[in-house]
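For reference, upload_5.txt (compact mmCIF, C-alpha atoms and all ligand atoms):
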```txt
# COMPACT_ATOMS: atom_id res chain seq x y z
CA MET A 1003 12.80 -31.24 -50.63
CA LEU A 1004 14.93 -28.51 -49.07
CA ILE A 1005 13.14 -26.35 -46.56
CA THR A 1006 14.13 -22.97 -45.15
CA ASP A 1007 15.25 -22.35 -41.56
CA THR A 1008 11.88 -20.71 -40.79
CA GLN A 1009 9.96 -23.67 -42.20
CA ARG A 1010 12.12 -26.05 -40.13
CA GLN A 1011 11.52 -24.02 -36.95
CA VAL A 1012 7.74 -23.98 -37.46
CA ARG A 1013 7.73 -27.71 -38.29
CA ASP A 1014 9.82 -28.50 -35.19
CA MET A 1015 7.48 -26.46 -32.98
CA ALA A 1016 4.45 -28.37 -34.37
CA ARG A 1017 6.38 -31.66 -33.96
CA GLN A 1018 7.17 -30.95 -30.31
CA PHE A 1019 3.56 -29.96 -29.60
CA ALA A 1020 2.34 -33.14 -31.30
CA ASP A 1021 4.76 -35.33 -29.30
CA GLU A 1022 4.12 -33.69 -25.93
CA VAL A 1023 0.42 -32.78 -26.09
CA ILE A 1024 -1.49 -34.36 -28.98
CA ARG A 1025 -0.20 -37.93 -29.37
CA PRO A 1026 -0.49 -38.81 -25.66
CA ALA A 1027 -4.13 -37.68 -25.70
CA ALA A 1028 -5.16 -39.35 -28.97
CA GLU A 1029 -6.31 -42.72 -27.67
CA ALA A 1030 -8.68 -41.21 -25.09
CA LEU A 1031 -10.01 -38.62 -27.55
CA ASP A 1032 -10.79 -41.40 -30.04
CA ARG A 1033 -12.46 -43.54 -27.38
CA ASP A 1034 -14.55 -40.69 -25.91
CA GLU A 1035 -15.23 -38.90 -29.24
CA ARG A 1036 -14.36 -35.69 -27.38
CA PHE A 1037 -13.76 -32.24 -28.92
CA PRO A 1038 -10.45 -31.21 -27.29
CA VAL A 1039 -11.05 -27.54 -26.45
CA GLU A 1040 -7.92 -27.38 -24.29
CA ILE A 1041 -5.70 -28.51 -27.19
CA TYR A 1042 -7.30 -26.03 -29.59
CA ASP A 1043 -6.83 -23.19 -27.07
CA GLN A 1044 -3.11 -24.00 -26.92
CA MET A 1045 -2.88 -24.22 -30.72
CA GLY A 1046 -4.57 -20.83 -31.00
CA ALA A 1047 -2.00 -19.35 -28.61
CA LEU A 1048 0.90 -20.98 -30.52
CA GLY A 1049 -0.30 -19.61 -33.89
CA LEU A 1050 -1.18 -23.04 -35.30
CA PHE A 1051 -4.54 -21.89 -36.71
CA GLY A 1052 -4.70 -19.69 -39.82
CA VAL A 1053 -1.10 -20.49 -40.74
CA GLY A 1054 -1.42 -18.74 -44.14
CA VAL A 1055 -3.15 -15.56 -42.94
CA PRO A 1056 -0.93 -12.62 -43.97
CA GLU A 1057 0.83 -10.59 -41.27
CA GLU A 1058 -1.07 -7.42 -42.21
CA MET A 1059 -4.29 -9.29 -41.37
CA GLY A 1060 -2.94 -10.47 -38.02
CA GLY A 1061 -1.66 -13.92 -39.03
CA PRO A 1062 1.83 -15.45 -39.25
CA GLY A 1063 1.81 -15.21 -43.07
CA PHE A 1064 3.39 -18.60 -43.76
CA ASP A 1065 3.35 -20.20 -47.19
CA THR A 1066 1.53 -23.37 -48.26
CA LEU A 1067 4.65 -25.52 -47.84
CA THR A 1068 4.89 -24.47 -44.19
CA TYR A 1069 1.19 -25.25 -43.79
CA ALA A 1070 1.81 -28.74 -45.24
CA LEU A 1071 4.69 -29.34 -42.80
CA VAL A 1072 2.49 -28.27 -39.86
CA MET A 1073 -0.40 -30.49 -40.97
CA GLU A 1074 1.84 -33.56 -41.24
CA GLU A 1075 3.24 -33.06 -37.74
CA LEU A 1076 -0.16 -32.41 -36.12
CA SER A 1077 -1.57 -35.48 -37.84
CA ARG A 1078 1.36 -37.61 -36.64
CA GLY A 1079 -0.04 -36.67 -33.23
CA TYR A 1080 -3.71 -37.21 -34.11
CA ALA A 1081 -5.53 -36.68 -37.42
CA SER A 1082 -8.65 -35.14 -35.83
CA VAL A 1083 -6.55 -32.32 -34.40
CA ALA A 1084 -4.84 -31.73 -37.76
CA ASP A 1085 -8.24 -31.72 -39.42
CA GLN A 1086 -9.34 -28.82 -37.18
CA CYS A 1087 -6.26 -26.91 -38.35
CA GLY A 1088 -7.20 -27.76 -41.97
CA LEU A 1089 -10.75 -26.56 -41.50
CA VAL A 1090 -9.63 -23.22 -40.05
CA GLU A 1091 -7.19 -22.87 -42.96
CA LEU A 1092 -10.02 -23.35 -45.50
CA ILE A 1093 -12.20 -20.75 -43.81
CA SER A 1094 -9.41 -18.24 -43.20
CA THR A 1095 -8.26 -18.60 -46.83
CA LEU A 1096 -11.81 -17.80 -47.97
CA LEU A 1097 -11.87 -14.72 -45.72
CA VAL A 1098 -8.41 -13.55 -46.79
CA ARG A 1099 -9.21 -13.90 -50.49
CA HIS A 1100 -12.83 -12.76 -50.57
CA GLY A 1101 -13.80 -11.11 -47.28
CA THR A 1102 -14.52 -7.40 -46.90
CA PRO A 1103 -12.27 -5.51 -44.41
CA LEU A 1104 -15.22 -5.62 -41.98
CA GLN A 1105 -15.73 -9.40 -42.36
CA ARG A 1106 -12.01 -10.04 -41.85
CA GLU A 1107 -11.94 -7.83 -38.80
CA GLN A 1108 -15.00 -9.51 -37.35
CA TRP A 1109 -13.92 -13.12 -37.87
CA LEU A 1110 -10.22 -13.73 -38.61
CA GLY A 1111 -8.75 -12.96 -35.18
CA SER A 1112 -11.27 -14.92 -33.14
CA VAL A 1113 -11.14 -17.89 -35.55
CA MET A 1114 -7.32 -18.00 -35.32
CA ARG A 1115 -7.45 -17.80 -31.51
CA ALA A 1116 -9.94 -20.71 -31.53
CA GLU A 1117 -12.54 -18.55 -29.77
CA THR A 1118 -14.97 -18.86 -32.68
CA ARG A 1119 -15.58 -22.35 -34.11
CA VAL A 1120 -16.26 -22.59 -37.80
CA ALA A 1121 -17.94 -24.92 -40.29
CA TYR A 1122 -17.45 -25.17 -44.05
CA CYS A 1123 -20.88 -26.05 -45.36
CA ILE A 1124 -21.13 -27.52 -48.85
CA THR A 1125 -22.37 -31.10 -48.64
CA GLU A 1126 -26.09 -31.99 -48.82
CA PRO A 1127 -28.00 -35.28 -49.09
CA GLU A 1128 -28.22 -34.86 -52.91
CA ALA A 1129 -24.90 -33.05 -53.38
CA GLY A 1130 -21.72 -34.63 -52.08
CA THR A 1131 -19.35 -35.22 -54.94
CA ASP A 1132 -21.51 -33.22 -57.37
CA VAL A 1133 -21.39 -29.82 -55.69
CA SER A 1134 -23.45 -28.25 -58.48
CA GLY A 1135 -26.47 -30.23 -57.18
CA ILE A 1136 -26.97 -28.26 -53.94
CA ARG A 1137 -30.55 -27.30 -53.08
CA THR A 1138 -30.08 -24.89 -50.18
CA THR A 1139 -31.36 -21.48 -51.28
CA ALA A 1140 -30.81 -17.88 -50.26
CA THR A 1141 -33.47 -15.55 -51.62
CA ARG A 1142 -33.49 -11.76 -51.45
CA ASP A 1143 -35.62 -10.42 -48.61
CA GLY A 1144 -35.65 -6.66 -48.14
CA SER A 1145 -32.06 -5.54 -47.84
CA GLY A 1146 -30.87 -9.02 -46.81
CA TRP A 1147 -31.41 -12.71 -47.49
CA ARG A 1148 -33.61 -15.60 -46.34
CA LEU A 1149 -31.79 -18.96 -46.06
CA ASN A 1150 -33.55 -22.34 -46.39
CA GLY A 1151 -32.23 -25.87 -46.77
CA GLY A 1152 -29.97 -28.36 -45.09
CA LYS A 1153 -26.39 -29.62 -44.98
CA ILE A 1154 -25.08 -33.02 -43.84
CA TRP A 1155 -21.75 -34.47 -42.64
CA ILE A 1156 -20.51 -31.02 -41.75
CA HIS A 1157 -17.28 -30.97 -39.74
CA ASN A 1158 -17.79 -29.07 -36.46
CA ALA A 1159 -21.60 -28.81 -36.96
CA PRO A 1160 -22.36 -29.87 -33.36
CA VAL A 1161 -20.01 -27.23 -31.88
CA ALA A 1162 -19.65 -24.47 -34.50
CA ASP A 1163 -20.54 -20.81 -33.94
CA VAL A 1164 -20.46 -19.71 -37.55
CA GLY A 1165 -20.97 -21.50 -40.86
CA PHE A 1166 -19.71 -20.56 -44.32
CA VAL A 1167 -22.68 -21.84 -46.27
CA LEU A 1168 -22.91 -22.43 -50.03
CA ALA A 1169 -26.43 -21.64 -51.24
CA ARG A 1170 -28.23 -21.17 -54.52
CA THR A 1171 -29.03 -17.51 -55.21
CA ASP A 1172 -30.16 -17.98 -58.82
CA LYS A 1173 -32.04 -21.19 -59.58
CA GLU A 1174 -31.58 -20.87 -63.35
CA ALA A 1175 -27.82 -20.26 -63.41
CA GLY A 1176 -26.44 -23.69 -62.41
CA HIS A 1177 -23.00 -23.52 -60.78
CA ARG A 1178 -22.84 -19.81 -61.67
CA GLY A 1179 -25.89 -19.13 -59.48
CA MET A 1180 -24.34 -20.00 -56.10
CA SER A 1181 -23.06 -17.72 -53.34
CA ILE A 1182 -21.43 -18.09 -49.91
CA PHE A 1183 -23.02 -16.71 -46.73
CA ILE A 1184 -21.51 -16.24 -43.29
CA VAL A 1185 -24.21 -17.60 -40.98
CA ASP A 1186 -24.49 -17.23 -37.21
CA LEU A 1187 -25.28 -20.81 -36.17
CA HIS A 1188 -26.93 -19.63 -32.94
CA ALA A 1189 -29.50 -17.61 -34.94
CA LYS A 1190 -33.24 -18.28 -35.04
CA GLY A 1191 -34.11 -20.94 -37.62
CA VAL A 1192 -30.82 -22.86 -37.38
CA GLU A 1193 -31.19 -26.43 -36.15
CA ARG A 1194 -28.40 -28.94 -35.54
CA GLY A 1195 -28.78 -32.65 -36.16
CA PRO A 1196 -27.29 -35.24 -33.82
CA LYS A 1197 -23.54 -35.88 -33.74
CA GLU A 1198 -22.51 -38.70 -36.11
CA HIS A 1199 -20.57 -41.65 -34.65
CA LYS A 1200 -17.77 -42.33 -37.10
CA MET A 1201 -15.32 -45.11 -37.89
CA GLY A 1202 -12.26 -42.88 -37.45
CA GLN A 1203 -11.14 -39.34 -36.63
CA ARG A 1204 -13.68 -39.66 -33.87
CA ALA A 1205 -12.73 -36.49 -31.99
CA SER A 1206 -13.88 -34.51 -35.05
CA GLN A 1207 -17.51 -33.57 -34.45
CA VAL A 1208 -19.63 -34.10 -37.55
CA GLY A 1209 -23.37 -33.59 -38.10
CA ALA A 1210 -26.19 -31.92 -40.00
CA LEU A 1211 -27.34 -28.29 -40.08
CA ASN A 1212 -30.83 -27.23 -41.09
CA PHE A 1213 -31.87 -23.72 -42.03
CA ALA A 1214 -35.53 -22.71 -41.84
CA ASP A 1215 -36.15 -19.08 -42.86
CA VAL A 1216 -32.87 -17.91 -41.36
CA MET A 1217 -32.68 -14.14 -41.90
CA LEU A 1218 -29.31 -12.79 -43.00
CA GLY A 1219 -28.16 -9.20 -43.42
CA GLU A 1220 -26.58 -7.89 -46.63
CA GLU A 1221 -23.17 -8.13 -44.90
CA ALA A 1222 -23.52 -11.93 -44.63
CA LEU A 1223 -22.67 -12.37 -48.34
CA LEU A 1224 -19.00 -13.37 -48.81
CA GLY A 1225 -17.41 -12.18 -52.03
CA GLU A 1226 -19.31 -11.71 -55.26
CA GLU A 1227 -22.86 -13.00 -55.67
CA GLY A 1228 -22.91 -15.96 -58.09
CA LYS A 1229 -19.22 -16.85 -57.54
CA GLY A 1230 -19.68 -19.17 -54.56
CA PHE A 1231 -18.99 -22.41 -56.45
CA HIS A 1232 -15.70 -21.07 -57.85
CA MET A 1233 -14.64 -19.66 -54.48
CA MET A 1234 -15.31 -22.94 -52.65
CA MET A 1235 -13.50 -24.93 -55.38
CA SER A 1236 -10.46 -22.67 -55.49
CA VAL A 1237 -9.74 -23.02 -51.75
CA LEU A 1238 -10.22 -26.80 -52.04
CA ASP A 1239 -6.92 -27.00 -53.98
CA LYS A 1240 -5.11 -25.88 -50.83
CA GLY A 1241 -7.48 -27.97 -48.73
CA ARG A 1242 -6.41 -31.06 -50.67
CA VAL A 1243 -2.74 -30.33 -49.92
CA GLY A 1244 -3.77 -30.18 -46.26
CA ILE A 1245 -5.59 -33.52 -46.38
CA ALA A 1246 -2.69 -35.10 -48.28
CA SER A 1247 -0.28 -33.89 -45.56
CA LEU A 1248 -2.64 -35.24 -42.92
CA ALA A 1249 -2.56 -38.63 -44.68
CA VAL A 1250 1.26 -38.55 -44.73
CA GLY A 1251 1.24 -37.82 -40.98
CA ILE A 1252 -0.99 -40.84 -40.32
CA GLY A 1253 1.33 -43.03 -42.41
CA GLN A 1254 4.41 -41.68 -40.62
CA ALA A 1255 2.89 -42.40 -37.18
CA GLY A 1256 2.15 -45.96 -38.37
CA LEU A 1257 5.72 -46.43 -39.58
CA GLU A 1258 7.20 -45.18 -36.30
CA ALA A 1259 4.96 -47.50 -34.30
CA ALA A 1260 5.70 -50.48 -36.57
CA VAL A 1261 9.49 -50.01 -36.46
CA ASP A 1262 9.44 -49.78 -32.63
CA TYR A 1263 7.23 -52.82 -32.26
CA ALA A 1264 9.21 -54.94 -34.75
CA GLN A 1265 12.36 -54.30 -32.73
CA GLN A 1266 10.73 -55.34 -29.45
CA ARG A 1267 8.50 -58.24 -30.45
CA ARG A 1268 10.35 -61.57 -30.37
CA GLN A 1269 9.34 -64.78 -32.18
CA PHE A 1270 11.42 -67.87 -33.02
CA GLY A 1271 14.07 -66.56 -30.59
CA LYS A 1272 14.71 -63.20 -32.24
CA ALA A 1273 13.18 -59.78 -32.81
CA ILE A 1274 10.72 -59.97 -35.72
CA VAL A 1275 12.52 -57.06 -37.42
CA GLU A 1276 15.29 -59.54 -38.25
CA PHE A 1277 12.95 -61.37 -40.64
CA GLN A 1278 13.18 -60.15 -44.21
CA GLY A 1279 9.38 -60.38 -44.65
CA VAL A 1280 8.94 -57.75 -41.92
CA GLN A 1281 11.83 -55.62 -43.21
CA TRP A 1282 10.21 -55.46 -46.64
CA LEU A 1283 6.90 -54.35 -45.14
CA LEU A 1284 8.69 -51.55 -43.27
CA ALA A 1285 10.74 -50.59 -46.33
CA ASP A 1286 7.61 -50.36 -48.53
CA MET A 1287 5.93 -48.22 -45.90
CA ALA A 1288 8.91 -45.82 -45.73
CA LYS A 1289 9.20 -45.66 -49.55
CA ASP A 1290 5.53 -44.78 -50.14
CA ILE A 1291 5.33 -42.30 -47.26
CA GLU A 1292 8.36 -40.45 -48.62
CA ALA A 1293 6.89 -40.45 -52.15
CA ALA A 1294 3.59 -39.03 -50.85
CA ARG A 1295 5.45 -36.40 -48.80
CA LEU A 1296 7.37 -35.23 -51.87
CA LEU A 1297 4.16 -35.04 -53.95
CA VAL A 1298 2.53 -32.95 -51.22
CA GLN A 1299 5.49 -30.61 -50.95
CA SER A 1300 5.71 -30.22 -54.71
CA ALA A 1301 1.99 -29.34 -54.94
CA ALA A 1302 2.40 -26.84 -52.07
CA ALA A 1303 5.41 -25.27 -53.80
CA LYS A 1304 3.35 -24.89 -57.01
CA ILE A 1305 0.63 -23.02 -55.11
CA ASP A 1306 3.28 -20.81 -53.52
CA ALA A 1307 4.79 -20.07 -56.95
CA GLY A 1308 1.36 -18.96 -58.19
CA GLU A 1309 1.21 -21.78 -60.77
CA ASN A 1310 -1.92 -23.75 -61.71
CA ALA A 1311 -1.72 -26.42 -59.00
CA THR A 1312 -5.07 -28.18 -59.46
CA LYS A 1313 -3.60 -31.37 -60.97
CA ALA A 1314 -0.68 -31.48 -58.52
CA CYS A 1315 -3.04 -31.06 -55.53
CA SER A 1316 -5.35 -33.84 -56.74
CA ILE A 1317 -2.39 -36.16 -57.44
CA ALA A 1318 -1.00 -35.53 -53.95
CA LYS A 1319 -4.37 -36.01 -52.22
CA CYS A 1320 -5.19 -39.16 -54.17
CA PHE A 1321 -1.75 -40.79 -53.76
CA ALA A 1322 -1.37 -39.85 -50.09
CA GLY A 1323 -4.89 -41.03 -49.15
CA ASP A 1324 -4.47 -44.38 -50.90
CA MET A 1325 -0.99 -44.71 -49.39
CA ALA A 1326 -2.23 -44.01 -45.85
CA VAL A 1327 -4.89 -46.73 -46.04
CA ALA A 1328 -2.52 -49.32 -47.57
CA ARG A 1329 0.42 -48.57 -45.32
CA THR A 1330 -1.48 -48.35 -42.04
CA ALA A 1331 -2.87 -51.78 -42.98
CA ASP A 1332 0.79 -52.89 -43.17
CA ALA A 1333 1.42 -51.38 -39.74
CA VAL A 1334 -1.46 -53.48 -38.38
CA GLN A 1335 0.11 -56.50 -40.09
CA VAL A 1336 3.46 -55.91 -38.34
CA PHE A 1337 1.64 -55.82 -34.99
CA GLY A 1338 -0.21 -59.06 -35.82
CA GLY A 1339 -3.13 -59.82 -33.48
CA SER A 1340 -2.28 -56.87 -31.22
CA GLY A 1341 -2.79 -54.48 -34.13
CA TYR A 1342 -6.44 -55.53 -34.31
CA ILE A 1343 -7.13 -54.62 -30.69
CA ARG A 1344 -8.58 -51.28 -29.52
CA GLY A 1345 -6.00 -49.27 -27.60
CA PHE A 1346 -3.12 -50.06 -29.96
CA GLU A 1347 -2.25 -46.93 -31.92
CA VAL A 1348 -2.05 -48.69 -35.30
CA GLU A 1349 -5.64 -49.93 -35.01
CA ARG A 1350 -6.81 -46.32 -34.68
CA LEU A 1351 -4.49 -45.09 -37.44
CA TYR A 1352 -5.99 -47.60 -39.87
CA ARG A 1353 -9.50 -46.32 -39.05
CA ASP A 1354 -8.37 -42.67 -39.17
CA ALA A 1355 -6.79 -43.17 -42.61
CA LYS A 1356 -9.91 -44.37 -44.43
CA ILE A 1357 -11.71 -41.03 -44.63
CA THR A 1358 -8.71 -39.42 -46.41
CA GLN A 1359 -9.82 -41.34 -49.53
CA ILE A 1360 -13.31 -39.82 -49.21
CA TYR A 1361 -13.44 -36.28 -47.81
CA GLU A 1362 -12.37 -33.08 -49.58
CA GLY A 1363 -13.35 -34.90 -52.81
CA THR A 1364 -13.25 -38.69 -53.16
CA ASN A 1365 -10.16 -40.23 -54.72
CA GLN A 1366 -12.31 -41.17 -57.71
CA ILE A 1367 -13.09 -37.45 -58.19
CA GLN A 1368 -9.37 -36.63 -57.81
CA ARG A 1369 -8.63 -39.06 -60.67
CA MET A 1370 -11.33 -37.39 -62.75
CA ILE A 1371 -9.80 -33.97 -62.07
CA ILE A 1372 -6.29 -35.27 -62.94
CA ALA A 1373 -7.59 -36.69 -66.25
CA ARG A 1374 -9.44 -33.45 -67.10
CA GLU A 1375 -6.30 -31.40 -66.42
CA LEU A 1376 -4.26 -33.76 -68.62
CA LEU A 1377 -6.71 -33.29 -71.47
CA LYS A 1378 -6.83 -29.53 -70.95
CA HIS A 1379 -3.11 -28.79 -70.56
CA GLY A 1380 -1.35 -31.84 -72.04
CA ALA A 1381 0.58 -34.66 -70.43
CA ARG A 1382 3.81 -32.74 -69.80
CA ALA A 1383 2.30 -29.72 -68.05
C1 LIG B 1 -16.66 -32.57 -59.70
C2 LIG B 1 -16.04 -31.20 -59.57
C3 LIG B 1 -14.57 -31.29 -59.92
C4 LIG B 1 -16.68 -30.14 -60.48
O1 LIG B 1 -17.13 -30.68 -61.63
P1 LIG B 1 -18.22 -29.93 -62.55
O2 LIG B 1 -18.17 -30.65 -63.85
O3 LIG B 1 -19.52 -29.80 -61.84
O4 LIG B 1 -17.66 -28.44 -62.70
P2 LIG B 1 -16.52 -27.87 -63.67
O5 LIG B 1 -17.14 -27.69 -65.01
O6 LIG B 1 -15.28 -28.63 -63.59
O7 LIG B 1 -16.26 -26.46 -63.03
C5 LIG B 1 -17.30 -25.49 -62.94
C6 LIG B 1 -16.66 -24.12 -62.74
O8 LIG B 1 -15.86 -24.13 -61.56
C7 LIG B 1 -14.51 -23.81 -61.89
N1 LIG B 1 -13.59 -24.62 -61.09
C8 LIG B 1 -13.56 -25.95 -61.04
N2 LIG B 1 -12.54 -26.36 -60.26
C9 LIG B 1 -11.94 -25.24 -59.81
C10 LIG B 1 -10.82 -24.98 -59.00
N3 LIG B 1 -10.13 -25.99 -58.45
N4 LIG B 1 -10.47 -23.71 -58.76
C11 LIG B 1 -11.16 -22.68 -59.30
N5 LIG B 1 -12.26 -22.85 -60.10
C12 LIG B 1 -12.61 -24.11 -60.35
C13 LIG B 1 -14.36 -24.15 -63.38
O9 LIG B 1 -13.35 -23.38 -63.97
C14 LIG B 1 -15.75 -23.75 -63.92
O10 LIG B 1 -15.76 -22.34 -64.10
P3 LIG B 1 -16.71 -21.59 -65.19
O11 LIG B 1 -18.03 -21.43 -64.53
O12 LIG B 1 -16.78 -22.41 -66.41
O13 LIG B 1 -16.08 -20.26 -65.40
C15 LIG B 1 -16.31 -30.64 -58.21
O14 LIG B 1 -17.69 -30.66 -57.98
C16 LIG B 1 -15.57 -31.36 -57.12
O15 LIG B 1 -14.41 -31.12 -56.89
N6 LIG B 1 -16.28 -32.22 -56.41
C17 LIG B 1 -15.82 -32.79 -55.17
C18 LIG B 1 -16.48 -32.07 -54.07
C19 LIG B 1 -15.69 -31.97 -52.82
O16 LIG B 1 -14.47 -31.90 -52.80
N7 LIG B 1 -16.42 -31.95 -51.73
C20 LIG B 1 -15.79 -31.80 -50.49
C21 LIG B 1 -16.48 -30.77 -49.73
S1 LIG B 1 -15.59 -30.07 -48.39
C22 LIG B 1 -15.13 -31.33 -47.33
O17 LIG B 1 -15.08 -32.43 -47.62
C23 LIG B 1 -14.72 -31.09 -45.92
C24 LIG B 1 -14.40 -29.74 -45.60
S2 LIG B 1 -14.12 -29.58 -43.95
O18 LIG B 1 -12.89 -29.90 -43.48
O19 LIG B 1 -15.27 -29.52 -43.20
```
Could you show the structure in this file as structure tokens?
Ligand SMILES: CC(C)(COP(=O)(O)OP(=O)(O)OC[C@H]1O[C@@H](n2cnc3c(N)ncnc32)[C@H](O)[C@@H]1OP(=O)(O)O)[C@@H](O)C(=O)NCCC(=O)NCCSC(=O)CCS(=O)O
Amino acid sequence: MLITDTQRQVRDMARQFADEVIRPAAEALDRDERFPVEIYDQMGALGLFGVGVPEEMGGPGFDTLTYALVMEELSRGYASVADQCGLVELISTLLVRHGTPLQREQWLGSVMRAETRVAYCITEPEAGTDVSGIRTTATRDGSGWRLNGGKIWIHNAPVADVGFVLARTDKEAGHRGMSIFIVDLHAKGVERGPKEHKMGQRASQVGALNFADVMLGEEALLGEEGKGFHMMMSVLDKGRVGIASLAVGIGQAGLEAAVDYAQQRRQFGKAIVEFQGVQWLLADMAKDIEAARLLVQSAAAKIDAGENATKACSIAKCFAGDMAVARTADAVQVFGGSGYIRGFEVERLYRDAKITQIYEGTNQIQRMIIARELLKHGARA
């Protein structure tokens, strides 16, 4: 896909930052499961958080295609770092679309500068894939709200300052009885669970949040009461483009590592890249990565054109996630025994890829959404 000069410049800046700062740090971050504050400070200064925030709200105002290009490059460096960019994009998109002027003023700038750490809080023990099953409640209390319940597997929970929490405000109204609240995570009644130790993307801090009679002011409500489910879902379309780009970045890093290694590693008196079996592995990797990249960019372009992009976003997320797992497995195969050893980049990439088939909606749910859209709008839409 053709990109504009501005998109190329932003992509190249993210690429350089990934090559010089992120990729060299990735192995240690994975090993130590460390939240890289110093990298996020630099990204905040470079404008790599809140990529889509309009200029009049203090952001760079880039389109979704530019966001996708940035996410791929950051993820080529290290997926956990890209995932932080994706999380800030979800939250800032919610604020841009639904925040009051006061809420935007209070949060957008500090979130984009990485001074305030955010969490997007949907998932609960009984409500992962089926978002309509959440049990966290916010009940009216005087002029404000009283929040009770708990969330699990929340990205940034161990370090976040503020959570955007989906809660039930009308028990009888199903998915139309949910609202989003902006919650100070240092407030009385908020408890954090322990940090989870994950298979991959180990620098991303994930854990539980519990809310026991947390008192919220009227101004904590984001957007319209009762519209929380729709608001969370509508930003997930863009979120899925972000995760798909992140998956492409993981695949691309695997391909680069595999091509380098195949040229250096010698067996039977020659570099293994001279064997057709290895060439076909590399060719299949390149083919599927490029296909995923084009699906991602096409979905991003649909969002930018204001079209219904739900099917395109789910196709991109599903294809790119499956591709990343399959093709990083190929990268491990090219490395042979070395690829199975901690410290080799491809071993980490394979672990980092797996969650892209699960988070932001499992790939089974993406297939369900694709099928529903086909039935709703027809096969040619
Ligand atoms: C399974 C789901 C797709 C929803 O299925 P349901 O059958 O429960 O709901 P629907 O009938 O399809 O929809 C209800 C309602 O919502 C509207 N809707 C649905 N999708 C969208 C959309 N994309 N944009 C806007 N609005 C949407 C739909 O029109 C209906 O409206 P009415 O009320 O009829 O007017 C869904 O539950 C789903 O996607 N599940 C997966 C959950 C998921 O992705 N979880 C990930 C959480 S976030 C995360 O993983 C990490 C974030 S981070 O980085 O920390």
Excluding stretch 1061-1074 of chain A and residues on its chain fewer than 4 positions from it, collect all residues at most 8 Å away from it, counting all atoms listed in the file, and give them as a ChimeraX atom specification. /A:1009,1012-1013,1016-1017,1049-1050,1052-1057,1078,1084,1087-1088,1114,1240,1243-1244,1247-1252,1298-1299,1302-1303,1305-1306
Write out as a tab-separated table a residue-level contact list of chain A versus ligand LIG 1 (chain B) with cut-off 9 Å: for each qualifying residue the closest pair of atoms and the distance in Å to one decimal, counting all atoms listed in the file, rows sorted by chain and residue number upward.
```
residue	atom	partner	partner_atom	distance
A:Asp1085	CA	B:LIG1	O18	6.4
A:Gln1086	CA	B:LIG1	O18	7.3
A:Cys1087	CA	B:LIG1	O18	8.9
A:Gly1088	CA	B:LIG1	O18	6.3
A:Leu1089	CA	B:LIG1	O18	4.4
A:Val1090	CA	B:LIG1	O18	8.2
A:Leu1092	CA	B:LIG1	O18	7.4
A:Val1120	CA	B:LIG1	O19	8.8
A:Ala1121	CA	B:LIG1	O19	6.1
A:Tyr1122	CA	B:LIG1	O19	4.9
A:Cys1123	CA	B:LIG1	O19	6.9
A:Ile1124	CA	B:LIG1	C21	5.7
A:Thr1125	CA	B:LIG1	C21	6.0
A:Ala1129	CA	B:LIG1	C18	8.5
A:Gly1130	CA	B:LIG1	N7	5.9
A:Thr1131	CA	B:LIG1	C17	4.3
A:Asp1132	CA	B:LIG1	O14	4.6
A:Val1133	CA	B:LIG1	O14	4.4
A:Ser1134	CA	B:LIG1	O3	5.4
A:Gly1135	CA	B:LIG1	O3	8.4
A:Trp1155	CA	B:LIG1	O19	8.2
A:Ile1156	CA	B:LIG1	O19	5.6
A:His1157	CA	B:LIG1	O19	4.3
A:Asn1158	CA	B:LIG1	O19	7.2
A:Ala1159	CA	B:LIG1	O19	8.9
A:Gly1176	CA	B:LIG1	O11	9.0
A:His1177	CA	B:LIG1	C5	6.4
A:Arg1178	CA	B:LIG1	O11	5.8
A:Val1208	CA	B:LIG1	O19	8.5
A:Lys1229	CA	B:LIG1	O11	8.4
A:Phe1231	CA	B:LIG1	O8	6.2
A:His1232	CA	B:LIG1	N5	4.5
A:Met1233	CA	B:LIG1	C11	6.7
A:Met1234	CA	B:LIG1	N4	7.8
A:Met1235	CA	B:LIG1	C10	4.5
A:Ser1236	CA	B:LIG1	N4	3.4
A:Val1237	CA	B:LIG1	N4	7.1
A:Leu1238	CA	B:LIG1	N3	6.5
A:Asp1239	CA	B:LIG1	N3	5.6
A:Gly1241	CA	B:LIG1	O18	7.8
A:Arg1242	CA	B:LIG1	O16	8.4
A:Ile1245	CA	B:LIG1	O18	8.6
A:Ala1311	CA	B:LIG1	N3	8.4
A:Thr1312	CA	B:LIG1	N3	5.6
A:Lys1313	CA	B:LIG1	N3	8.8
A:Ile1360	CA	B:LIG1	O17	7.8
A:Tyr1361	CA	B:LIG1	O17	4.2
A:Glu1362	CA	B:LIG1	O17	3.4
A:Gly1363	CA	B:LIG1	O16	3.2
A:Thr1364	CA	B:LIG1	C17	6.7
A:Ile1367	CA	B:LIG1	C17	6.2
A:Gln1368	CA	B:LIG1	O15	7.5
A:Met1370	CA	B:LIG1	C3	7.5
A:Ile1371	CA	B:LIG1	C3	5.9
A:Arg1374	CA	B:LIG1	O6	8.3
```
Contact residues around A:Thr1139 with only C-alpha atoms at 7 Å, ignoring same-chain residues under 2 positions, as a VMD selection string: chain A and resid 1137 1141 1149 to 1151 1169 to 1171
Neighbours of A:Glu1193 within 8 Å (all atoms listed in the file; same-chain residues fewer than 4 positions away dropped), as a list in words? Leu1211, Asn1212 and Phe1213 of chain A
For the residues in the current selection, export C-alpha atoms as a PDB file, keeping the file's coordinate frame.
```pdb
ATOM      1  CA  LEU A1211     -27.340 -28.290 -40.080  1.00  0.00           C
ATOM      2  CA  ASN A1212     -30.830 -27.230 -41.090  1.00  0.00           C
ATOM      3  CA  PHE A1213     -31.870 -23.720 -42.030  1.00  0.00           C
TER       4      PHE A1213
END
```
